[in-house]
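First the structure, in the form of structure tokens, and then the observations on it.
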Amino acid sequence: MENKETERKALREKLFNKKKHGAFRMSEEELSKCNSFCDDYISFLNSSKTEREACINAEQALKDAGFVPFKVGMELKAGDKIYRNNRGKAIIASVIGTNPIEEGVRLCAAHIDSPRLDLKQNPLYEDNELALFKTHYYGGIKKYQWTAIPLSLHGVIVKLDGTSVVVNIGEDEGDPVFCVTDLLPHLAVEQMKRSSTTLIKGEELNILVGSMPFKNDEESESVKLNILNILYEKYGVIEEDFLSAELEAVPAFKAGDVGFDRSMIGGYGHDDRVCAYPALRALLDCKNPAHTAVVILTDKEETGSDGNTGLCSSYLKYFIEDLADCFGVKGHHVLSASQCLSADVNAAFDPTFPDVMERKNCAYLNRGVCVTKFTGARGKSGTSDASAEFVGVVHRLLNEKNVIWQTVELGKVDAGGGGTVAAYIANLDVDTIDVGVPVLCMHAPYEIVSKIDVYMTYRAFAAFME
Ligand code: MN
Ligand code: MN
């Protein structure tokens, strides 16, 4: 009898695929490395609230580590470090490997744009002695979540004289912040009858920016005049300059620890900087790779990846072609031999909303980096679906390097689903698979991730590129 029990136990141990909290499989030393890595991530997140800021910070980190701007035709050898900045909104960086380039590159991709409220081109107006900005939201949001929270304003205004001013208001101690107003519950009887998709309508996402008239002037629109005067004095811009501006309103609060145990990080824009930062760090730490390592931090994922800074454009392909040219090799030969971890966040199981998840295949906080064989919605539509062979390569690699990971899907089969940039990279004939960090409250102004998962995503990139 006892023998049978021992035998069953041994067999279970051998055959069952065990899922466990990552902490059970990490040493004290590793957990402490994880925490200090996450501290670095939090400071990156707090200073990278837009794709432009993430790009600036990534470029600075690359420069500090000895990366130089890539020049077409430059002579490259193993260990050389290069990067290309795409219009200040996306960046590709690479460490040249010891293997010939025709053996392909190891590519890690993540996006640095996040859902937010963009100002329209004619944003400023006055209504009943209040000054407001009109917005058009960027990416998929639950609009009602973006009211009654402090917002900061980031971006760039290109003036008629060709110069531009960088805007960043609401982040520093003492800065004013902005806010989309909402109705008080007392008077919201009719509003609360609306369906939740229209609880706040797109045209109701108006940002309150001022309420004082210019020099107590009683002329109409003097509140607007006062705001324009403040902007003129601070930035030298006039109302017409908004036409050529990109201004983004994002949550003004800072990222930080969540939970009594400080095991999680809450903040704006984890999607997808929580993959972008680990990818960047892994490249910075990548000293002597066999295959040339490439990290791409891209823009425009949240709106479908179109545009010249999104991954539907040719900029990645052109970079690889230019890189291949340096070695007298054809770009598409490099691409066809390449492998890619396409890194984006995934939905973590939320015990309050279990119905959208299939528990055997969904992502859980703290079980490590997610590996997603396929994405897509309703019949895998829009997925690149990594091959069993390539999943096998990644599976072996992560196990061998003791990276804690989980295989996941994005919610129940017919619950909705979503896509990532993986398909666009796979379309270049690159073996591609989705990996990333599980997130709670994805696309909300405040998203939550676990520190173990963030660190394991870094470990996965490092293992893949080294
Ligand atoms: Mn994403
Ligand atoms: Mn997203």
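Quick note on naming: the chains in the structure tokens go A, B, ... in the order shown, residues restart at 1 in each chain, and ligands are numbered from 1 in order of appearance.
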Fill in: Surrounding residues as a PyMOL selection string, ligand 2, max 9 Å, only C-alpha atoms and all ligand atoms
chain A and resi 111+113-115+139-140+269+271-272+301-303+344-346+418-420+442-443
Worksheet entry | Surrounding residues of range 325-335 of chain A excluding itself and chain neighbours under 4 positions, 9 Å, only C-alpha atoms, as a PyMOL selection string | chain A and resi 72-76+100-105+317-321+339+428-431
Worksheet item: Residues at most 7 Å from Ser94 in chain A, counting only C-alpha atoms, excluding those fewer than 6 positions away in the same chain, as a ChimeraX atom specification?
Response: /A:81-83,292-295
Output the selection as a PDB file, in the first residue's frame - C-alpha atoms for each residue.
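Generated output (result06.pdb):
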```
ATOM      1  CA  LYS A  81      27.125  48.278 -30.423  1.00  0.00           C
ATOM      2  CA  ILE A  82      24.886  50.366 -32.650  1.00  0.00           C
ATOM      3  CA  TYR A  83      21.440  51.914 -32.664  1.00  0.00           C
ATOM      4  CA  THR A 292      23.751  39.397 -33.373  1.00  0.00           C
ATOM      5  CA  ALA A 293      21.273  40.676 -30.769  1.00  0.00           C
ATOM      6  CA  VAL A 294      18.676  43.242 -31.800  1.00  0.00           C
ATOM      7  CA  VAL A 295      16.151  45.046 -29.627  1.00  0.00           C
TER       8      VAL A 295
END
```
Discussion item. Excluding Gly88 in chain A and its own-chain neighbours fewer than 3 positions away, which residues fall within 9 Å of it when counting only C-alpha atoms? Please give them as a ChimeraX atom specification.
Written reply: /A:51-53,55-56,85,91,309
Fill in: Residues within 9 Å of Ala463 in chain A, only C-alpha atoms, excluding chain neighbours under 4 positions, as JSON, numbers by chain
{"A": [282, 397, 398, 401, 403, 458, 459]}
Discussion item. When DSSP is applied to the backbone of this structure, which of range 217-278 of chain A are assigned alpha helix (DSSP H)? Write them out as a VMD selection string.
Written reply: chain A and resid 222 to 235 270 to 278
Worksheet item: Interatomic distance between CA of Gly174 in chain A and CA of Leu231 in chain A?
Response: 17.6 Å
Practice prompt. Work out how far apart CA of Trp405 in chain A and CA of Lys300 in chain A are and give it in Å to one decimal.
Written response: 27.3 Å
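Nearest residue to Thr457 in chain A among A:Ser338, A:Gln145, A:Thr432, A:Gln406 is A:Gln406, counting only C-alpha atoms.
With distances restricted to only C-alpha atoms, A:Lys360 is the closest residue to Lys18 in chain A from A:Thr181, A:Phe67, A:Met192, A:Lys360.
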